[in-house]
Amino acid sequence: ETGVTQTPRHLVMGMTNKKSLKCEQHLGHNAMYWYKQSAKKPLELMFVYSLEERVENNSVPSRFSPECPNSSHLFLHLHTLQPEDSALYLCASSLANRGGEKLFFGSGTQLSVL
Amino acid sequence: AQSVTQLGSHVSVSEGALVLLRCNYSSSVPPYLFWYVQYPNQGLQLLLKYTSAATLVKGINGFEAEFKKSETSFHLTKPSAHMSDAAEYFCAVSGNTGFQKLVFGTGTRLLVSP
C-alpha cells in the first residue's frame, strides 16, 4: 500500500462518453502527477500539479482535462476519447516538485475505449 | 533533455542466479537516476535512487545499482534471484535542477524460473 488510491480500477467507455478518474493521497505531499502507461512504450508524463497549480502539460490533447481541487485530490476528466487512448493511467505524488524526489504511485486505472 | 535506454524487454533467469538489468542514460545536466519495480496489477514502487552521494546504491529486496559516469550506465543487479522478483523494472532519469520530471525507459520484464 503506497498511500495513493485510484478509482476506478477498471473503466470501459465509449468514444462519446464522459468519465472521470480520481486519485487521492493522504501522505501530506504537495505535488501530484498523471502518467499514461501503454504497452511497449515508456511511461508518459501527462500533467504535473505543484501546490494545486498546474506546472506541466506535456502536450496532452484537450480531451483530457485535469483538475486538482486541493493537495490531496487529483482528477482526470475524459471526454470524446479515441481507441488509442486505451491504457493504464497512473497517478503519483511526491513530497515536493523537485528533481530527485521519490514518487509514490497508485495502482492505476485500466481504461478501455471502445 | 534526459532519456533512458533499457536493453532487453525481457530477461529470464533461474532462481538463485545473478540478475542484471541494463540501463543507459543521457542527460544534459547531472542526473538523478532511479529504478522502479511494478508487480502485476500494481503501480510502481521505488527500488533505489542515485543522487550523487555514492556511486553504488543499495535498494530494497537485495537490489543494488552502480552509477558509472564514463559509461553513462546505471545497471541494476541482485546476486541471487528469487521467484518473488518476477516483475517489470523501469529505469528513470531526472535532472537535478528545476521541477521533478521523470523520464522512464520502456521497462524490462524479469522472468524467474524454478
# chains A, B, ... in the order shown; residues from 1 in each chain; ligands from 1
call {"tool": "residues_around", "arguments": {"residues": "A:Lys19", "least_positions_apart": "2", "cutoff": "12 Å", "atoms": "only C-alpha atoms", "output": "short mmCIF file (atom, residue, chain, number, x, y, z; two decimals) with C-alpha atoms, in the first residue's frame"}}
result
data_model
loop_
_atom_site.label_atom_id
_atom_site.label_comp_id
_atom_site.auth_asym_id
_atom_site.auth_seq_id
_atom_site.Cartn_x
_atom_site.Cartn_y
_atom_site.Cartn_z
CA THR A 7 -10.60 4.79 -8.57
CA PRO A 8 -11.99 3.11 -10.51
CA HIS A 10 -11.10 -0.56 -14.44
CA LEU A 11 -13.16 1.58 -16.81
CA VAL A 12 -14.74 0.82 -20.16
CA MET A 13 -16.19 3.73 -22.07
CA GLY A 14 -17.46 4.59 -25.50
CA MET A 15 -15.98 7.37 -27.56
CA THR A 16 -18.90 9.69 -26.80
CA ASN A 17 -18.90 9.16 -23.04
CA LEU A 21 -10.61 9.24 -12.92
CA LYS A 22 -9.94 10.00 -9.28
CA ARG A 63 -9.96 15.61 -24.47
CA PHE A 64 -8.02 15.01 -21.24
CA SER A 65 -8.76 17.66 -18.63
CA PRO A 66 -7.08 17.54 -15.20
CA PHE A 75 -8.93 14.16 -11.17
CA LEU A 76 -8.62 13.40 -14.85
CA HIS A 77 -11.77 14.21 -16.78
CA LEU A 78 -12.21 12.32 -20.03
CA HIS A 79 -14.45 13.14 -22.99
CA THR A 80 -14.68 12.05 -26.62
CA LEU A 81 -11.72 9.72 -26.26
CA LEU A 111 -9.04 2.30 -19.35
CA SER A 112 -10.56 0.70 -22.42
CA VAL A 113 -12.12 2.93 -25.07
#
call {"tool": "interface_residues", "arguments": {"of": "chain B", "to": "chain A", "cutoff": "10 Å", "atoms": "only C-alpha atoms", "output": "PyMOL selection string"}}
result
chain B and resi 4-5+9+31-34+36+38-46+48-51+90-108
call {"tool": "atom_distance", "arguments": {"atom1": "atom CA of B:Glu88", "atom2": "atom CA of A:Glu67"}}
result
29.9 Å
call {"tool": "closest_residue", "arguments": {"among": "B:Met83, B:Arg109, B:Leu18, B:Ser28", "to": "B:Glu64", "atoms": "only C-alpha atoms"}}
result
B:Leu18
call {"tool": "atom_distance", "arguments": {"atom1": "atom CA of A:Ala87", "atom2": "atom CA of A:Lys36"}}
result
6.6 Å
call {"tool": "residues_around", "arguments": {"residues": "B:Asn61", "least_positions_apart": "6", "cutoff": "10 Å", "atoms": "only C-alpha atoms", "output": "PyMOL selection string"}}
result
chain B and resi 47+78+82+84-85
call {"tool": "write_last_selection", "arguments": {"atoms": "N, CA and C atoms", "output": "short mmCIF file (atom, residue, chain, number, x, y, z; two decimals), in the first residue's frame"}}
result
data_model
loop_
_atom_site.label_atom_id
_atom_site.label_comp_id
_atom_site.auth_asym_id
_atom_site.auth_seq_id
_atom_site.Cartn_x
_atom_site.Cartn_y
_atom_site.Cartn_z
N LEU B 47 12.70 1.21 -6.07
CA LEU B 47 13.69 0.24 -5.59
C LEU B 47 14.90 0.97 -4.99
N LYS B 78 21.27 -8.05 -8.72
CA LYS B 78 20.94 -8.76 -7.49
C LYS B 78 21.69 -10.09 -7.55
N HIS B 82 15.12 -14.43 -6.75
CA HIS B 82 14.05 -15.14 -6.03
C HIS B 82 12.81 -15.10 -6.89
N SER B 84 9.94 -14.29 -6.20
CA SER B 84 9.15 -13.08 -5.95
C SER B 84 9.71 -11.84 -6.66
N ASP B 85 10.89 -11.97 -7.29
CA ASP B 85 11.46 -10.83 -8.03
C ASP B 85 10.85 -10.68 -9.42
#
call {"tool": "atom_distance", "arguments": {"atom1": "atom CA of B:Trp35", "atom2": "atom CA of B:Glu66"}}
result
11.3 Å
call {"tool": "select_by_dssp", "arguments": {"residues": "chain A", "states": "strand (DSSP E or B)", "output": "PyMOL selection string"}}
result
chain A and resi 4-7+10-13+18-25+31-37+44-50+53-57+64-70+73-79+87-94+104-105+109-113
call {"tool": "write_last_selection", "arguments": {"atoms": "C-alpha atoms", "output": "PDB file, in the first residue's frame"}}
result
ATOM      1  CA  VAL A   4      -2.051   6.731  -3.181  1.00  0.00           C
ATOM      2  CA  THR A   5      -5.524   5.447  -4.086  1.00  0.00           C
ATOM      3  CA  GLN A   6      -7.010   5.468  -7.561  1.00  0.00           C
ATOM      4  CA  THR A   7     -10.596   4.791  -8.570  1.00  0.00           C
ATOM      5  CA  HIS A  10     -11.101  -0.556 -14.439  1.00  0.00           C
ATOM      6  CA  LEU A  11     -13.158   1.581 -16.808  1.00  0.00           C
ATOM      7  CA  VAL A  12     -14.742   0.818 -20.156  1.00  0.00           C
ATOM      8  CA  MET A  13     -16.188   3.731 -22.071  1.00  0.00           C
ATOM      9  CA  LYS A  18     -17.662  11.479 -20.327  1.00  0.00           C
ATOM     10  CA  LYS A  19     -15.973   9.932 -17.317  1.00  0.00           C
ATOM     11  CA  SER A  20     -13.542  10.941 -14.591  1.00  0.00           C
ATOM     12  CA  LEU A  21     -10.609   9.240 -12.920  1.00  0.00           C
ATOM     13  CA  LYS A  22      -9.944  10.005  -9.280  1.00  0.00           C
ATOM     14  CA  CYS A  23      -6.714   9.988  -7.308  1.00  0.00           C
ATOM     15  CA  GLU A  24      -6.349  10.577  -3.585  1.00  0.00           C
ATOM     16  CA  GLN A  25      -3.303  10.791  -1.321  1.00  0.00           C
ATOM     17  CA  ALA A  31       2.932  17.517  -5.914  1.00  0.00           C
ATOM     18  CA  MET A  32       0.721  15.193  -7.944  1.00  0.00           C
ATOM     19  CA  TYR A  33       1.150  13.690 -11.394  1.00  0.00           C
ATOM     20  CA  TRP A  34      -0.750  11.841 -14.106  1.00  0.00           C
ATOM     21  CA  TYR A  35       1.142   9.290 -16.195  1.00  0.00           C
ATOM     22  CA  LYS A  36      -0.064   7.183 -19.127  1.00  0.00           C
ATOM     23  CA  GLN A  37       1.288   3.638 -19.460  1.00  0.00           C
ATOM     24  CA  GLU A  44       4.412   9.230 -20.493  1.00  0.00           C
ATOM     25  CA  LEU A  45       4.117  12.164 -18.149  1.00  0.00           C
ATOM     26  CA  MET A  46       0.823  13.935 -18.819  1.00  0.00           C
ATOM     27  CA  PHE A  47       0.327  16.566 -16.131  1.00  0.00           C
ATOM     28  CA  VAL A  48       2.093  17.870 -13.052  1.00  0.00           C
ATOM     29  CA  TYR A  49       0.490  19.837 -10.242  1.00  0.00           C
ATOM     30  CA  SER A  50       2.510  21.561  -7.556  1.00  0.00           C
ATOM     31  CA  GLU A  53      -1.212  24.698  -9.571  1.00  0.00           C
ATOM     32  CA  ARG A  54      -0.593  23.025 -12.915  1.00  0.00           C
ATOM     33  CA  VAL A  55       3.076  23.346 -13.754  1.00  0.00           C
ATOM     34  CA  GLU A  56       3.320  20.954 -16.676  1.00  0.00           C
ATOM     35  CA  ASN A  57       1.053  19.959 -19.519  1.00  0.00           C
ATOM     36  CA  PHE A  64      -8.017  15.011 -21.239  1.00  0.00           C
ATOM     37  CA  SER A  65      -8.760  17.663 -18.626  1.00  0.00           C
ATOM     38  CA  PRO A  66      -7.076  17.543 -15.196  1.00  0.00           C
ATOM     39  CA  GLU A  67      -8.382  19.083 -12.017  1.00  0.00           C
ATOM     40  CA  CYS A  68      -6.651  19.494  -8.660  1.00  0.00           C
ATOM     41  CA  PRO A  69      -9.106  20.971  -6.141  1.00  0.00           C
ATOM     42  CA  ASN A  70      -6.713  20.531  -3.220  1.00  0.00           C
ATOM     43  CA  HIS A  73      -7.056  15.054  -4.699  1.00  0.00           C
ATOM     44  CA  LEU A  74      -6.444  14.891  -8.414  1.00  0.00           C
ATOM     45  CA  PHE A  75      -8.927  14.159 -11.166  1.00  0.00           C
ATOM     46  CA  LEU A  76      -8.617  13.396 -14.852  1.00  0.00           C
ATOM     47  CA  HIS A  77     -11.774  14.214 -16.782  1.00  0.00           C
ATOM     48  CA  LEU A  78     -12.212  12.318 -20.027  1.00  0.00           C
ATOM     49  CA  HIS A  79     -14.454  13.137 -22.986  1.00  0.00           C
ATOM     50  CA  ALA A  87      -4.043   2.451 -21.466  1.00  0.00           C
ATOM     51  CA  LEU A  88      -3.215   2.245 -17.787  1.00  0.00           C
ATOM     52  CA  TYR A  89      -3.435   5.690 -16.201  1.00  0.00           C
ATOM     53  CA  LEU A  90      -1.235   6.105 -13.170  1.00  0.00           C
ATOM     54  CA  CYS A  91      -1.415   8.796 -10.556  1.00  0.00           C
ATOM     55  CA  ALA A  92       1.609   9.635  -8.417  1.00  0.00           C
ATOM     56  CA  SER A  93       2.528  12.067  -5.695  1.00  0.00           C
ATOM     57  CA  SER A  94       5.734  13.383  -4.174  1.00  0.00           C
ATOM     58  CA  PHE A 104       4.547   7.246  -4.809  1.00  0.00           C
ATOM     59  CA  PHE A 105       2.280   5.605  -7.384  1.00  0.00           C
ATOM     60  CA  THR A 109      -6.973   2.805 -13.730  1.00  0.00           C
ATOM     61  CA  GLN A 110      -7.070   0.420 -16.699  1.00  0.00           C
ATOM     62  CA  LEU A 111      -9.037   2.302 -19.348  1.00  0.00           C
ATOM     63  CA  SER A 112     -10.559   0.699 -22.425  1.00  0.00           C
ATOM     64  CA  VAL A 113     -12.121   2.931 -25.067  1.00  0.00           C
TER      65      VAL A 113
END
call {"tool": "select_by_dssp", "arguments": {"residues": "chain B", "states": "helix (DSSP H, G or I)", "output": "list of chain:residue names"}}
result
B:Ile60, B:Asn61, B:Gly62, B:Lys69, B:Ser70, B:Glu71, B:Met83, B:Ser84, B:Asp85
call {"tool": "write_last_selection", "arguments": {"atoms": "C-alpha atoms", "output": "CSV table (one decimal), in the first residue's frame"}}
result
chain,number,residue,atom,x,y,z
B,60,ILE,CA,15.2,-2.8,-1.2
B,61,ASN,CA,14.9,-6.5,-1.6
B,62,GLY,CA,18.7,-7.0,-2.1
B,69,LYS,CA,29.5,8.2,-15.5
B,70,SER,CA,32.1,7.2,-18.1
B,71,GLU,CA,29.7,4.6,-19.4
B,83,MET,CA,10.7,-16.2,-7.5
B,84,SER,CA,9.1,-13.1,-6.0
B,85,ASP,CA,11.5,-10.8,-8.0
call {"tool": "closest_residue", "arguments": {"among": "B:Tyr25, B:Leu7, B:Val19, B:Leu110", "to": "B:Ser73", "atoms": "only C-alpha atoms"}}
result
B:Tyr25
call {"tool": "residues_around", "arguments": {"residues": "B:Ala17", "least_positions_apart": "6", "cutoff": "10 Å", "atoms": "only C-alpha atoms", "output": "list in words"}}
result
Lys78, Pro79, Ser80, Ala81, His82, Val112 and Ser113 of chain B
call {"tool": "write_last_selection", "arguments": {"atoms": "all heavy atoms", "output": "PDB file, in the first residue's frame"}}
result
ATOM      1  N   LYS B  78      21.266  -8.050  -8.725  1.00  0.00           N
ATOM      2  CA  LYS B  78      20.943  -8.757  -7.494  1.00  0.00           C
ATOM      3  C   LYS B  78      21.687 -10.085  -7.552  1.00  0.00           C
ATOM      4  O   LYS B  78      21.611 -10.773  -8.574  1.00  0.00           O
ATOM      5  CB  LYS B  78      19.439  -8.983  -7.358  1.00  0.00           C
ATOM      6  CG  LYS B  78      19.056  -9.694  -6.063  1.00  0.00           C
ATOM      7  CD  LYS B  78      17.555  -9.776  -5.879  1.00  0.00           C
ATOM      8  CE  LYS B  78      17.216 -10.485  -4.568  1.00  0.00           C
ATOM      9  NZ  LYS B  78      15.759 -10.545  -4.305  1.00  0.00           N
ATOM     10  N   PRO B  79      22.429 -10.436  -6.527  1.00  0.00           N
ATOM     11  CA  PRO B  79      23.283 -11.629  -6.606  1.00  0.00           C
ATOM     12  C   PRO B  79      22.515 -12.938  -6.815  1.00  0.00           C
ATOM     13  O   PRO B  79      22.995 -13.820  -7.507  1.00  0.00           O
ATOM     14  CB  PRO B  79      23.993 -11.641  -5.241  1.00  0.00           C
ATOM     15  CG  PRO B  79      23.886 -10.254  -4.724  1.00  0.00           C
ATOM     16  CD  PRO B  79      22.608  -9.707  -5.254  1.00  0.00           C
ATOM     17  N   SER B  80      21.330 -13.030  -6.219  1.00  0.00           N
ATOM     18  CA  SER B  80      20.602 -14.287  -6.268  1.00  0.00           C
ATOM     19  C   SER B  80      19.119 -14.015  -6.445  1.00  0.00           C
ATOM     20  O   SER B  80      18.461 -13.462  -5.567  1.00  0.00           O
ATOM     21  CB  SER B  80      20.849 -15.080  -4.971  1.00  0.00           C
ATOM     22  OG  SER B  80      20.101 -16.272  -4.962  1.00  0.00           O
ATOM     23  N   ALA B  81      18.588 -14.431  -7.591  1.00  0.00           N
ATOM     24  CA  ALA B  81      17.183 -14.156  -7.903  1.00  0.00           C
ATOM     25  C   ALA B  81      16.246 -15.023  -7.082  1.00  0.00           C
ATOM     26  O   ALA B  81      16.531 -16.194  -6.791  1.00  0.00           O
ATOM     27  CB  ALA B  81      16.927 -14.398  -9.393  1.00  0.00           C
ATOM     28  N   HIS B  82      15.116 -14.431  -6.746  1.00  0.00           N
ATOM     29  CA  HIS B  82      14.050 -15.139  -6.033  1.00  0.00           C
ATOM     30  C   HIS B  82      12.811 -15.097  -6.893  1.00  0.00           C
ATOM     31  O   HIS B  82      12.619 -14.164  -7.684  1.00  0.00           O
ATOM     32  CB  HIS B  82      13.808 -14.461  -4.676  1.00  0.00           C
ATOM     33  CG  HIS B  82      12.987 -15.257  -3.736  1.00  0.00           C
ATOM     34  ND1 HIS B  82      11.613 -15.190  -3.725  1.00  0.00           N
ATOM     35  CD2 HIS B  82      13.324 -16.156  -2.792  1.00  0.00           C
ATOM     36  CE1 HIS B  82      11.137 -16.009  -2.810  1.00  0.00           C
ATOM     37  NE2 HIS B  82      12.153 -16.612  -2.228  1.00  0.00           N
ATOM     38  N   VAL B 112      11.558 -15.321 -13.667  1.00  0.00           N
ATOM     39  CA  VAL B 112      12.377 -16.174 -12.814  1.00  0.00           C
ATOM     40  C   VAL B 112      11.801 -17.580 -12.841  1.00  0.00           C
ATOM     41  O   VAL B 112      10.629 -17.787 -12.492  1.00  0.00           O
ATOM     42  CB  VAL B 112      12.424 -15.654 -11.365  1.00  0.00           C
ATOM     43  CG1 VAL B 112      13.345 -16.534 -10.513  1.00  0.00           C
ATOM     44  CG2 VAL B 112      12.892 -14.203 -11.330  1.00  0.00           C
ATOM     45  N   SER B 113      12.613 -18.535 -13.246  1.00  0.00           N
ATOM     46  CA  SER B 113      12.152 -19.929 -13.322  1.00  0.00           C
ATOM     47  C   SER B 113      12.748 -20.744 -12.176  1.00  0.00           C
ATOM     48  O   SER B 113      13.847 -20.457 -11.701  1.00  0.00           O
ATOM     49  CB  SER B 113      12.563 -20.541 -14.659  1.00  0.00           C
ATOM     50  OG  SER B 113      13.961 -20.436 -14.845  1.00  0.00           O
TER      51      SER B 113
END
call {"tool": "residues_around", "arguments": {"residues": "B:Ser27", "least_positions_apart": "3", "cutoff": "7 Å", "atoms": "only C-alpha atoms", "output": "list in words"}}
result
Ala1, Gln2, Ser3, Pro30 and Pro31 of chain B
